[in-house]
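As stored in upload-v4.cif (mmCIF, C-alpha atoms and all ligand atoms):
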data_run
#
loop_
_atom_site.group_PDB
_atom_site.id
_atom_site.type_symbol
_atom_site.label_atom_id
_atom_site.label_comp_id
_atom_site.auth_asym_id
_atom_site.auth_seq_id
_atom_site.Cartn_x
_atom_site.Cartn_y
_atom_site.Cartn_z
ATOM 1 C CA MET T 1 0.000 0.000 0.000
ATOM 2 C CA HIS T 2 1.288 3.473 -0.926
ATOM 3 C CA HIS T 3 0.500 6.369 1.388
ATOM 4 C CA SER T 4 0.870 10.131 1.068
ATOM 5 C CA SER T 5 -0.203 12.912 3.399
ATOM 6 C CA ALA T 6 -0.401 16.665 2.876
ATOM 7 C CA PRO T 7 -1.083 19.638 5.159
ATOM 8 C CA ALA T 8 -3.986 22.078 5.484
ATOM 9 C CA LYS T 9 -3.314 25.758 4.912
ATOM 10 C CA VAL T 10 -4.113 29.108 6.466
ATOM 11 C CA ILE T 11 -4.099 32.202 4.250
ATOM 12 C CA LEU T 12 -2.564 35.053 6.236
ATOM 13 C CA SER T 13 -3.195 37.605 3.496
ATOM 14 C CA GLY T 14 -4.248 37.728 -0.144
ATOM 15 C CA GLU T 15 -7.294 35.449 -0.466
ATOM 16 C CA HIS T 16 -9.454 36.510 -3.438
ATOM 17 C CA SER T 17 -6.900 39.079 -4.702
ATOM 18 C CA VAL T 18 -4.668 36.076 -5.581
ATOM 19 C CA VAL T 19 -7.297 34.999 -8.141
ATOM 20 C CA TYR T 20 -6.590 38.324 -9.938
ATOM 21 C CA GLY T 21 -2.776 37.944 -9.957
ATOM 22 C CA TYR T 22 -1.871 39.610 -6.628
ATOM 23 C CA PRO T 23 0.454 37.891 -4.109
ATOM 24 C CA CYS T 24 -0.870 35.638 -1.361
ATOM 25 C CA LEU T 25 0.867 34.860 1.940
ATOM 26 C CA VAL T 26 -0.080 31.353 3.006
ATOM 27 C CA ALA T 27 1.199 28.879 5.592
ATOM 28 C CA ALA T 28 0.867 25.104 5.869
ATOM 29 C CA VAL T 29 -0.481 24.050 9.263
ATOM 30 C CA ASP T 30 -0.189 20.875 11.269
ATOM 31 C CA LEU T 31 -3.545 19.346 10.336
ATOM 32 C CA ARG T 32 -3.217 16.724 7.576
ATOM 33 C CA SER T 33 -5.108 14.501 5.186
ATOM 34 C CA GLU T 34 -3.866 11.071 4.132
ATOM 35 C CA ALA T 35 -4.471 8.935 1.029
ATOM 36 C CA SER T 36 -3.632 5.214 0.841
ATOM 37 C CA VAL T 37 -3.653 3.676 -2.623
ATOM 38 C CA GLU T 38 -3.485 0.069 -3.829
ATOM 39 C CA ILE T 39 -3.605 -1.390 -7.308
ATOM 40 C CA ILE T 40 -6.602 -3.643 -7.971
ATOM 41 C CA PRO T 41 -7.249 -5.892 -10.995
ATOM 42 C CA GLU T 42 -10.819 -4.621 -11.631
ATOM 43 C CA GLY T 43 -11.125 -1.632 -13.987
ATOM 44 C CA ILE T 44 -12.626 0.645 -11.341
ATOM 45 C CA ILE T 45 -11.605 3.522 -9.128
ATOM 46 C CA ASP T 46 -12.921 2.696 -5.688
ATOM 47 C CA VAL T 47 -12.818 5.698 -3.331
ATOM 48 C CA ILE T 48 -13.451 5.188 0.388
ATOM 49 C CA SER T 49 -13.419 8.456 2.312
ATOM 50 C CA ASP T 50 -13.914 8.963 6.050
ATOM 51 C CA LYS T 51 -15.922 12.124 5.334
ATOM 52 C CA LEU T 52 -17.679 11.386 2.010
ATOM 53 C CA GLY T 53 -18.317 7.633 2.201
ATOM 54 C CA ARG T 54 -17.688 5.147 -0.636
ATOM 55 C CA GLN T 55 -18.026 5.751 -4.380
ATOM 56 C CA SER T 56 -16.871 3.550 -7.271
ATOM 57 C CA PHE T 57 -16.375 4.567 -10.897
ATOM 58 C CA ASN T 58 -16.128 2.110 -13.763
ATOM 59 C CA LEU T 59 -13.218 3.259 -15.914
ATOM 60 C CA ALA T 60 -14.689 1.860 -19.141
ATOM 61 C CA ALA T 61 -18.130 3.395 -18.602
ATOM 62 C CA THR T 62 -17.408 6.791 -16.995
ATOM 63 C CA ASN T 63 -15.577 9.733 -18.511
ATOM 64 C CA THR T 64 -13.522 11.955 -16.211
ATOM 65 C CA GLU T 65 -16.066 14.804 -16.511
ATOM 66 C CA GLU T 66 -18.587 12.645 -14.673
ATOM 67 C CA MET T 67 -16.161 11.517 -11.977
ATOM 68 C CA SER T 68 -15.696 13.040 -8.531
ATOM 69 C CA PRO T 69 -12.600 15.286 -8.181
ATOM 70 C CA ILE T 70 -10.708 12.531 -6.325
ATOM 71 C CA ALA T 71 -11.536 9.867 -8.917
ATOM 72 C CA SER T 72 -10.632 12.201 -11.796
ATOM 73 C CA VAL T 73 -7.168 12.794 -10.283
ATOM 74 C CA ALA T 74 -6.702 9.014 -10.026
ATOM 75 C CA ALA T 75 -7.962 8.558 -13.619
ATOM 76 C CA SER T 76 -5.355 11.076 -14.888
ATOM 77 C CA ALA T 77 -2.608 9.075 -13.140
ATOM 78 C CA ILE T 78 -3.945 5.779 -14.562
ATOM 79 C CA GLU T 79 -3.908 7.292 -18.043
ATOM 80 C CA MET T 80 -0.348 8.636 -17.614
ATOM 81 C CA ALA T 81 0.825 5.173 -16.524
ATOM 82 C CA GLY T 82 -1.090 3.290 -19.240
ATOM 83 C CA HIS T 83 -2.321 1.068 -16.384
ATOM 84 C CA ARG T 84 -4.949 -1.542 -17.311
ATOM 85 C CA GLY T 85 -6.480 -2.281 -13.909
ATOM 86 C CA GLY T 86 -7.900 0.080 -11.309
ATOM 87 C CA LEU T 87 -7.111 1.649 -7.945
ATOM 88 C CA ARG T 88 -8.578 1.523 -4.454
ATOM 89 C CA ILE T 89 -8.086 4.795 -2.568
ATOM 90 C CA LYS T 90 -8.714 5.253 1.145
ATOM 91 C CA ILE T 91 -8.819 8.785 2.499
ATOM 92 C CA SER T 92 -8.797 10.123 6.021
ATOM 93 C CA SER T 93 -8.528 13.773 6.974
ATOM 94 C CA GLN T 94 -8.172 15.890 10.104
ATOM 95 C CA ILE T 95 -9.209 19.005 8.153
ATOM 96 C CA PRO T 96 -12.814 20.217 8.470
ATOM 97 C CA MET T 97 -14.429 20.500 5.013
ATOM 98 C CA GLY T 98 -15.652 23.882 3.768
ATOM 99 C CA SER T 99 -13.738 25.651 6.532
ATOM 100 C CA GLY T 100 -11.305 27.678 4.400
ATOM 101 C CA LEU T 101 -8.373 25.487 5.426
ATOM 102 C CA GLY T 102 -7.737 23.927 2.021
ATOM 103 C CA SER T 103 -9.144 20.462 2.753
ATOM 104 C CA SER T 104 -9.850 19.638 -0.914
ATOM 105 C CA ALA T 105 -6.378 20.643 -2.168
ATOM 106 C CA SER T 106 -4.722 18.741 0.664
ATOM 107 C CA VAL T 107 -6.701 15.574 -0.192
ATOM 108 C CA LEU T 108 -6.140 15.938 -3.964
ATOM 109 C CA VAL T 109 -2.373 16.417 -3.516
ATOM 110 C CA SER T 110 -2.233 13.350 -1.219
ATOM 111 C CA VAL T 111 -4.221 11.322 -3.781
ATOM 112 C CA ALA T 112 -2.106 12.480 -6.756
ATOM 113 C CA SER T 113 1.129 11.688 -4.930
ATOM 114 C CA ALA T 114 0.019 8.260 -3.626
ATOM 115 C CA CYS T 115 -1.371 7.274 -7.075
ATOM 116 C CA SER T 116 1.918 8.347 -8.693
ATOM 117 C CA ASN T 117 3.868 6.127 -6.291
ATOM 118 C CA ALA T 118 1.472 3.171 -6.560
ATOM 119 C CA LEU T 119 1.727 3.268 -10.366
ATOM 120 C CA GLY T 120 5.522 3.764 -10.356
ATOM 121 C CA LEU T 121 5.180 7.123 -12.117
ATOM 122 C CA ARG T 122 7.702 9.136 -10.038
ATOM 123 C CA MET T 123 5.807 12.334 -10.852
ATOM 124 C CA SER T 124 7.603 15.640 -10.300
ATOM 125 C CA SER T 125 6.070 18.271 -7.970
ATOM 126 C CA GLU T 126 4.894 20.155 -11.069
ATOM 127 C CA GLU T 127 3.121 17.052 -12.400
ATOM 128 C CA ILE T 128 1.468 16.383 -9.036
ATOM 129 C CA ALA T 129 0.376 20.041 -8.908
ATOM 130 C CA ALA T 130 -0.994 19.815 -12.450
ATOM 131 C CA ILE T 131 -3.226 16.773 -11.896
ATOM 132 C CA ALA T 132 -4.326 17.905 -8.401
ATOM 133 C CA SER T 133 -5.238 21.301 -9.897
ATOM 134 C CA LYS T 134 -7.456 19.629 -12.489
ATOM 135 C CA GLY T 135 -9.372 18.081 -9.576
ATOM 136 C CA GLU T 136 -9.525 21.479 -7.817
ATOM 137 C CA GLU T 137 -11.135 22.957 -10.936
ATOM 138 C CA LYS T 138 -14.052 20.604 -10.328
ATOM 139 C CA VAL T 139 -14.339 21.768 -6.717
ATOM 140 C CA HIS T 140 -13.906 25.546 -7.132
ATOM 141 C CA PHE T 141 -14.522 28.273 -9.639
ATOM 142 C CA ARG T 142 -11.215 29.604 -11.105
ATOM 143 C CA PRO T 143 -8.839 28.198 -8.436
ATOM 144 C CA SER T 144 -5.683 30.301 -8.213
ATOM 145 C CA GLY T 145 -3.491 27.296 -7.360
ATOM 146 C CA VAL T 146 -2.442 28.649 -3.958
ATOM 147 C CA ASP T 147 -4.005 25.767 -1.993
ATOM 148 C CA VAL T 148 -2.370 23.053 -4.116
ATOM 149 C CA ASN T 149 1.046 24.746 -3.986
ATOM 150 C CA ILE T 150 1.152 25.128 -0.206
ATOM 151 C CA ALA T 151 -0.085 21.541 0.308
ATOM 152 C CA LEU T 152 2.844 20.379 -1.848
ATOM 153 C CA ARG T 153 5.568 22.566 -0.344
ATOM 154 C CA GLY T 154 4.705 23.189 3.327
ATOM 155 C CA GLY T 155 6.193 26.089 5.357
ATOM 156 C CA ALA T 156 5.117 29.612 4.435
ATOM 157 C CA ILE T 157 5.164 30.972 0.890
ATOM 158 C CA LEU T 158 4.353 34.061 -1.078
ATOM 159 C CA TYR T 159 2.374 32.713 -4.019
ATOM 160 C CA ARG T 160 1.486 34.434 -7.276
ATOM 161 C CA LYS T 161 -0.452 32.751 -10.066
ATOM 162 C CA GLY T 162 1.786 31.359 -12.779
ATOM 163 C CA ARG T 163 5.062 31.965 -10.867
ATOM 164 C CA LEU T 164 7.261 29.768 -8.719
ATOM 165 C CA PRO T 165 6.391 30.538 -5.067
ATOM 166 C CA ASP T 166 8.926 32.297 -2.815
ATOM 167 C CA SER T 167 9.584 30.811 0.634
ATOM 168 C CA VAL T 168 8.897 33.249 3.478
ATOM 169 C CA LYS T 169 10.778 33.126 6.794
ATOM 170 C CA TYR T 170 8.627 32.902 9.931
ATOM 171 C CA PRO T 171 9.282 32.546 13.658
ATOM 172 C CA GLU T 172 9.315 28.766 14.238
ATOM 173 C CA GLU T 173 7.415 28.977 17.538
ATOM 174 C CA ILE T 174 4.525 30.970 16.014
ATOM 175 C CA LYS T 175 1.018 29.795 16.926
ATOM 176 C CA LEU T 176 -2.057 30.556 14.855
ATOM 177 C CA ILE T 177 -5.370 30.599 16.696
ATOM 178 C CA LEU T 178 -8.203 29.470 14.445
ATOM 179 C CA GLY T 179 -11.873 30.067 15.175
ATOM 180 C CA TYR T 180 -14.313 27.912 13.200
ATOM 181 C CA SER T 181 -17.689 29.566 12.723
ATOM 182 C CA GLY T 182 -19.376 26.175 12.189
ATOM 183 C CA ILE T 183 -20.805 27.501 8.907
ATOM 184 C CA PRO T 184 -19.577 25.564 5.862
ATOM 185 C CA ARG T 185 -19.418 27.462 2.583
ATOM 186 C CA LYS T 186 -18.457 26.862 -1.033
ATOM 187 C CA THR T 187 -15.273 28.615 -2.196
ATOM 188 C CA GLY T 188 -16.572 28.765 -5.785
ATOM 189 C CA ASP T 189 -19.707 30.700 -4.712
ATOM 190 C CA MET T 190 -17.595 33.227 -2.809
ATOM 191 C CA VAL T 191 -15.194 33.675 -5.759
ATOM 192 C CA LYS T 192 -18.195 34.222 -8.085
ATOM 193 C CA GLY T 193 -19.571 36.792 -5.608
ATOM 194 C CA VAL T 194 -16.315 38.749 -5.835
ATOM 195 C CA ALA T 195 -16.425 38.566 -9.658
ATOM 196 C CA ASP T 196 -19.957 40.074 -9.516
ATOM 197 C CA PHE T 197 -18.721 42.789 -7.148
ATOM 198 C CA ALA T 198 -15.915 43.583 -9.641
ATOM 199 C CA GLU T 199 -18.553 44.115 -12.342
ATOM 200 C CA SER T 200 -20.806 46.333 -10.250
ATOM 201 C CA HIS T 201 -18.177 48.366 -8.318
ATOM 202 C CA ARG T 202 -15.145 48.459 -10.633
ATOM 203 C CA ASP T 203 -13.306 51.397 -8.944
ATOM 204 C CA ARG T 204 -13.804 50.209 -5.389
ATOM 205 C CA PHE T 205 -12.807 46.695 -6.448
ATOM 206 C CA GLU T 206 -9.513 47.917 -7.959
ATOM 207 C CA ILE T 207 -8.688 49.933 -4.819
ATOM 208 C CA CYS T 208 -9.425 46.918 -2.593
ATOM 209 C CA LEU T 209 -7.201 44.658 -4.714
ATOM 210 C CA ARG T 210 -4.273 47.066 -4.760
ATOM 211 C CA SER T 211 -4.597 47.496 -0.970
ATOM 212 C CA LEU T 212 -4.637 43.727 -0.473
ATOM 213 C CA GLY T 213 -1.468 43.462 -2.588
ATOM 214 C CA ASP T 214 0.301 46.073 -0.411
ATOM 215 C CA ILE T 215 -0.932 44.524 2.835
ATOM 216 C CA THR T 216 0.307 41.079 1.754
ATOM 217 C CA THR T 217 3.769 42.370 0.838
ATOM 218 C CA ARG T 218 4.074 44.311 4.119
ATOM 219 C CA MET T 219 2.837 41.346 6.161
ATOM 220 C CA SER T 220 5.398 38.952 4.656
ATOM 221 C CA GLN T 221 8.241 41.377 5.465
ATOM 222 C CA ALA T 222 6.949 41.774 9.025
ATOM 223 C CA LEU T 223 6.611 37.981 9.443
ATOM 224 C CA ALA T 224 10.188 37.441 8.235
ATOM 225 C CA GLU T 225 11.374 40.105 10.727
ATOM 226 C CA ASN T 226 9.359 38.544 13.576
ATOM 227 C CA ASP T 227 7.449 41.830 13.987
ATOM 228 C CA MET T 228 4.208 40.285 15.185
ATOM 229 C CA ILE T 229 2.628 43.625 16.133
ATOM 230 C CA GLU T 230 2.904 44.694 12.499
ATOM 231 C CA VAL T 231 1.638 41.288 11.282
ATOM 232 C CA GLY T 232 -1.407 41.704 13.566
ATOM 233 C CA SER T 233 -2.101 45.255 12.308
ATOM 234 C CA MET T 234 -1.911 44.057 8.706
ATOM 235 C CA MET T 235 -4.346 41.234 9.557
ATOM 236 C CA LEU T 236 -6.907 43.727 10.822
ATOM 237 C CA LEU T 237 -6.497 45.978 7.817
ATOM 238 C CA ASN T 238 -6.853 42.934 5.618
ATOM 239 C CA HIS T 239 -10.116 41.922 7.325
ATOM 240 C CA VAL T 240 -11.611 45.369 6.735
ATOM 241 C CA VAL T 241 -10.760 45.238 3.021
ATOM 242 C CA LEU T 242 -12.258 41.735 2.747
ATOM 243 C CA CYS T 243 -15.436 43.139 4.400
ATOM 244 C CA LEU T 244 -15.557 45.820 1.678
ATOM 245 C CA LEU T 245 -15.251 43.093 -0.968
ATOM 246 C CA GLY T 246 -18.363 41.529 0.580
ATOM 247 C CA VAL T 247 -16.857 38.211 1.696
ATOM 248 C CA SER T 248 -17.204 38.534 5.459
ATOM 249 C CA SER T 249 -20.355 37.745 7.433
ATOM 250 C CA GLU T 250 -21.839 38.614 10.799
ATOM 251 C CA PRO T 251 -20.550 35.457 12.532
ATOM 252 C CA LEU T 252 -17.019 36.033 11.161
ATOM 253 C CA ASP T 253 -17.021 39.723 12.170
ATOM 254 C CA LYS T 254 -18.230 38.692 15.628
ATOM 255 C CA LEU T 255 -15.398 36.175 15.979
ATOM 256 C CA VAL T 256 -12.788 38.698 14.792
ATOM 257 C CA SER T 257 -13.988 41.426 17.172
ATOM 258 C CA SER T 258 -14.247 38.972 20.090
ATOM 259 C CA THR T 259 -10.506 38.322 19.822
ATOM 260 C CA LEU T 260 -9.731 42.038 19.960
ATOM 261 C CA SER T 261 -10.996 42.345 23.509
ATOM 262 C CA SER T 262 -8.290 39.840 24.519
ATOM 263 C CA SER T 263 -4.555 39.871 23.997
ATOM 264 C CA ALA T 264 -4.816 39.166 20.262
ATOM 265 C CA LEU T 265 -2.463 41.222 18.119
ATOM 266 C CA GLY T 266 -4.727 40.887 15.110
ATOM 267 C CA ALA T 267 -7.338 38.683 13.448
ATOM 268 C CA LYS T 268 -9.063 38.242 10.106
ATOM 269 C CA LEU T 269 -11.234 35.839 8.184
ATOM 270 C CA THR T 270 -9.163 33.264 6.319
ATOM 271 C CA GLY T 271 -9.918 31.535 3.011
ATOM 272 C CA ALA T 272 -12.914 32.317 0.874
ATOM 273 C CA GLY T 273 -15.034 33.813 3.710
ATOM 274 C CA GLY T 274 -18.814 33.714 4.119
ATOM 275 C CA GLY T 275 -18.371 31.047 6.807
ATOM 276 C CA GLY T 276 -15.380 28.900 7.598
ATOM 277 C CA CYS T 277 -12.666 30.198 9.904
ATOM 278 C CA ILE T 278 -10.953 33.247 11.267
ATOM 279 C CA VAL T 279 -7.265 33.304 12.167
ATOM 280 C CA ALA T 280 -5.793 35.330 15.027
ATOM 281 C CA ILE T 281 -2.321 35.788 16.507
ATOM 282 C CA SER T 282 -1.442 36.765 20.052
ATOM 283 C CA THR T 283 1.561 37.486 22.197
ATOM 284 C CA SER T 284 3.262 34.156 22.836
ATOM 285 C CA GLY T 285 1.710 32.333 25.812
ATOM 286 C CA TYR T 286 -1.640 34.163 25.645
ATOM 287 C CA GLU T 287 -3.292 31.917 23.039
ATOM 288 C CA GLY T 288 -5.618 30.408 25.682
ATOM 289 C CA GLU T 289 -7.174 33.810 26.382
ATOM 290 C CA VAL T 290 -7.969 34.295 22.675
ATOM 291 C CA GLU T 291 -9.404 30.763 22.466
ATOM 292 C CA GLN T 292 -11.705 31.591 25.375
ATOM 293 C CA LYS T 293 -13.037 34.712 23.592
ATOM 294 C CA ILE T 294 -13.683 32.734 20.401
ATOM 295 C CA LYS T 295 -15.642 30.147 22.416
ATOM 296 C CA GLN T 296 -17.721 32.864 24.101
ATOM 297 C CA ALA T 297 -18.540 34.297 20.661
ATOM 298 C CA GLY T 298 -19.906 30.913 19.523
ATOM 299 C CA GLY T 299 -16.876 29.651 17.560
ATOM 300 C CA THR T 300 -14.751 26.536 17.918
ATOM 301 C CA PRO T 301 -11.140 27.490 18.622
ATOM 302 C CA PHE T 302 -8.061 25.462 17.834
ATOM 303 C CA VAL T 303 -4.408 26.396 17.966
ATOM 304 C CA VAL T 304 -2.048 25.232 15.218
ATOM 305 C CA GLY T 305 1.616 25.645 14.368
ATOM 306 C CA ILE T 306 3.089 26.181 10.908
ATOM 307 C CA SER T 307 4.086 22.858 9.363
ATOM 308 C CA LYS T 308 7.462 22.790 7.606
ATOM 309 C CA GLU T 309 6.506 19.612 5.865
ATOM 310 C CA GLY T 310 4.514 19.587 2.632
ATOM 311 C CA VAL T 311 3.462 16.355 0.952
ATOM 312 C CA ARG T 312 5.068 13.235 2.462
ATOM 313 C CA SER T 313 5.000 9.681 1.090
ATOM 314 C CA TRP T 314 5.746 6.245 2.441
ATOM 315 C CA THR T 315 5.105 2.603 1.547
ATOM 316 C CA ASP T 316 4.093 -0.306 3.759
ATOM 317 C CA ARG T 317 7.077 -2.568 4.428
ATOM 318 C CA GLN T 318 5.394 -5.745 3.100
ATOM 319 C CA GLN T 319 5.393 -4.317 -0.458
HETATM 320 C C1 LIG Z 1 -9.215 29.798 -1.300
HETATM 321 O O1 LIG Z 1 -8.401 29.108 -0.400
HETATM 322 C C2 LIG Z 1 -8.641 31.141 -1.604
HETATM 323 C C3 LIG Z 1 -9.364 31.952 -2.680
HETATM 324 O O2 LIG Z 1 -8.486 33.044 -2.969
HETATM 325 C C4 LIG Z 1 -9.647 31.163 -3.937
HETATM 326 C C5 LIG Z 1 -8.388 30.751 -4.695
HETATM 327 O O3 LIG Z 1 -7.325 31.308 -4.488
HETATM 328 O O4 LIG Z 1 -8.520 29.857 -5.544
HETATM 329 C C6 LIG Z 1 -10.668 32.529 -2.158
#

Written as structure tokens, how would this file's structure read?
Amino acid sequence: MHHSSAPAKVILSGEHSVVYGYPCLVAAVDLRSEASVEIIPEGIIDVISDKLGRQSFNLAATNTEEMSPIASVAASAIEMAGHRGGLRIKISSQIPMGSGLGSSASVLVSVASACSNALGLRMSSEEIAAIASKGEEKVHFRPSGVDVNIALRGGAILYRKGRLPDSVKYPEEIKLILGYSGIPRKTGDMVKGVADFAESHRDRFEICLRSLGDITTRMSQALAENDMIEVGSMMLLNHVVLCLLGVSSEPLDKLVSSTLSSSALGAKLTGAGGGGCIVAISTSGYEGEVEQKIKQAGGTPFVVGISKEGVRSWTDRQQ
């Protein structure tokens, strides 16, 4: 059996603007998904997921358009390998779905990598990114590629569409406090909402995007310099601009402002918005106080570190 795992992500700045070519500061966090893949003689892709249940696709009778994102990633790998049989794929994930933490990209990168190893393809990172991104296109509307790239690489990166990401330095002991609103949302719907906003408020949209670009650049410098007060200020500014773009919501605003009456240095929504999560940072050692405020405001808090490790693969010894 061939296994791969990949991390979840937290966008610190640049969600939505990244779709339009602006930079995005994103970190991998220590929540992971795992895919285990075995070759089977039957011509099917059999997907067994802890969150989505079991689904099988007959390779002869189903075209990739009709397949689920996970199965279509596996079908691309089967085609690349010229493999005649099928694959059984088991998936487990610690990442809540629809929470803005990149659960689909993490799963699709794990699946692409484990399929590549099971089929002896030795795919490069670029090839894994390419087939995982095809799956992401089925999940989201116009994915920028940021989620797939951070799941592959780990650490913290400054990502721009169509360019190789730059690694960003960060204080190793940094803790991110997440607050889950409990409201799932679809990234594609939020991205479409922003596209509508761009049509109806062109000038305001351009100003928001340029501001998000500046905030992201300033935040990555501050992170590299361990200036957490500046990182926190940029997070707050970022949240306000995302509100103007129309992607926040009452529960998210409530969670963000709850953290500000504690020792948080800053907070913002993270990911596509609407529902999902907020992210906050605090002075080291005061994370518990921020968690308490998030709980009181009706959210579910959890504290995560930045994960250095991107996708990781291993094989059971008996093979
Ligand atoms: C989703 O994690 C971030 C968005 O910017 C969409 C994307 O980049 O594809 C909202």

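With all atoms listed in the file counted, the chains near ligand LIG 1 (chain Z) contribute these residues within 8 Å: Ile11, Gly14, Glu15, His16, Ser17, Val18, Val19, Gly100, Leu101, Gly102, His140, Phe141, Arg142, Pro143, Ser144, Gly145, Val146, Asp147, Thr187, Gly188, Met190, Val191, Thr270, Gly271, Ala272 and Gly273 of chain T.
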
With the cut-off set at 12 Å and counting all atoms listed in the file, tabulate each residue of stretch 205-291 of chain T with an atom at most that distance from an atom of stretch 148-159 of chain T, showing the nearest atom pair and its distance in Å to one decimal, ordered by chain and increasing number, as JSON lines.
{"residue": "T:Gly213", "atom": "CA", "partner": "T:Leu158", "partner_atom": "CA", "distance": 11.2}
{"residue": "T:Thr216", "atom": "CA", "partner": "T:Leu158", "partner_atom": "CA", "distance": 8.6}
{"residue": "T:Thr217", "atom": "CA", "partner": "T:Leu158", "partner_atom": "CA", "distance": 8.5}
{"residue": "T:Arg218", "atom": "CA", "partner": "T:Leu158", "partner_atom": "CA", "distance": 11.5}
{"residue": "T:Met219", "atom": "CA", "partner": "T:Leu158", "partner_atom": "CA", "distance": 10.4}
{"residue": "T:Ser220", "atom": "CA", "partner": "T:Leu158", "partner_atom": "CA", "distance": 7.6}
{"residue": "T:Gln221", "atom": "CA", "partner": "T:Leu158", "partner_atom": "CA", "distance": 10.6}
{"residue": "T:Leu223", "atom": "CA", "partner": "T:Ala156", "partner_atom": "CA", "distance": 9.9}
{"residue": "T:Ala224", "atom": "CA", "partner": "T:Ala156", "partner_atom": "CA", "distance": 10.1}

9 Å contact set for stretch 227-240 of chain T, only C-alpha atoms, chain neighbours under 2 positions out, as an MDAnalysis selection string: chainID T and resid 12:14 211:212 215:216 218:225 242:245 248 253 256 264:270 279:283

Distance criterion (only C-alpha atoms): nearest to T:Ile89 out of T:Phe197, T:Ser110, T:His3, T:Ser36: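 Of all the options, T:Ser36 lies closest to T:Ile89.
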
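Nearest residue to T:Ile91 among T:Lys9, T:His2, T:Lys175, T:Lys254 is T:His2, counting all atoms listed in the file.
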
T:Val194, T:Met123, T:Val311, T:Ala118 ranked by distance to T:Ser4, top pick (using only C-alpha atoms): T:Val311

Residues selected by the PyMOL selection byres (((chain T and resi 29) around 10) and not hetatm), written as number ranges by chain: T: 6-10, 26-28, 30-32, 101, 150-151, 154-156, 175-176, 303-310

Store the residues of this selection in a file with C-alpha atoms, as a short mmCIF file (atom, residue, chain, number, x, y, z; two decimals), keeping the file's coordinate frame.
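Result file out_23.cif:
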data_model
loop_
_atom_site.label_atom_id
_atom_site.label_comp_id
_atom_site.auth_asym_id
_atom_site.auth_seq_id
_atom_site.Cartn_x
_atom_site.Cartn_y
_atom_site.Cartn_z
CA ALA T 6 -0.40 16.66 2.88
CA PRO T 7 -1.08 19.64 5.16
CA ALA T 8 -3.99 22.08 5.48
CA LYS T 9 -3.31 25.76 4.91
CA VAL T 10 -4.11 29.11 6.47
CA VAL T 26 -0.08 31.35 3.01
CA ALA T 27 1.20 28.88 5.59
CA ALA T 28 0.87 25.10 5.87
CA ASP T 30 -0.19 20.88 11.27
CA LEU T 31 -3.54 19.35 10.34
CA ARG T 32 -3.22 16.72 7.58
CA LEU T 101 -8.37 25.49 5.43
CA ILE T 150 1.15 25.13 -0.21
CA ALA T 151 -0.08 21.54 0.31
CA GLY T 154 4.70 23.19 3.33
CA GLY T 155 6.19 26.09 5.36
CA ALA T 156 5.12 29.61 4.43
CA LYS T 175 1.02 29.80 16.93
CA LEU T 176 -2.06 30.56 14.86
CA VAL T 303 -4.41 26.40 17.97
CA VAL T 304 -2.05 25.23 15.22
CA GLY T 305 1.62 25.64 14.37
CA ILE T 306 3.09 26.18 10.91
CA SER T 307 4.09 22.86 9.36
CA LYS T 308 7.46 22.79 7.61
CA GLU T 309 6.51 19.61 5.86
CA GLY T 310 4.51 19.59 2.63
#

Residue with smallest distance to T:Ala195 - pool T:Gly246, T:Gly299, T:Gly285, T:Gly162, counting all atoms listed in the file: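 Checking each of T:Gly246, T:Gly299, T:Gly285, T:Gly162 against T:Ala195, counting all atoms listed in the file, the winner is T:Gly246.
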
T:Gly182 environment, 12 Å, only C-alpha atoms, sequence neighbours closer than 3 positions dropped, as a ChimeraX atom specification: /T:96-100,178-179,185,251-252,255,274-278,294-295,297-301

Residues matched by the PyMOL selection byres (((chain T and resi 71-74) around 10) and not hetatm), written as a PyMOL selection string: chain T and resi 37+44-47+55-57+59+63-70+75-80+86-89+108-109+111-116+128+130-136+138

Straight-line distance linking atom CA of T:Ser313 with atom CA of T:Ser5, stated in Å to one decimal: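 These atoms are spaced 6.5 Å apart.
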
Atom pair atom CA of T:Phe205 / atom CA of T:Lys161: separation (Å):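 Spanning atom CA of T:Phe205 to atom CA of T:Lys161 is a straight-line distance of 19.0 Å.
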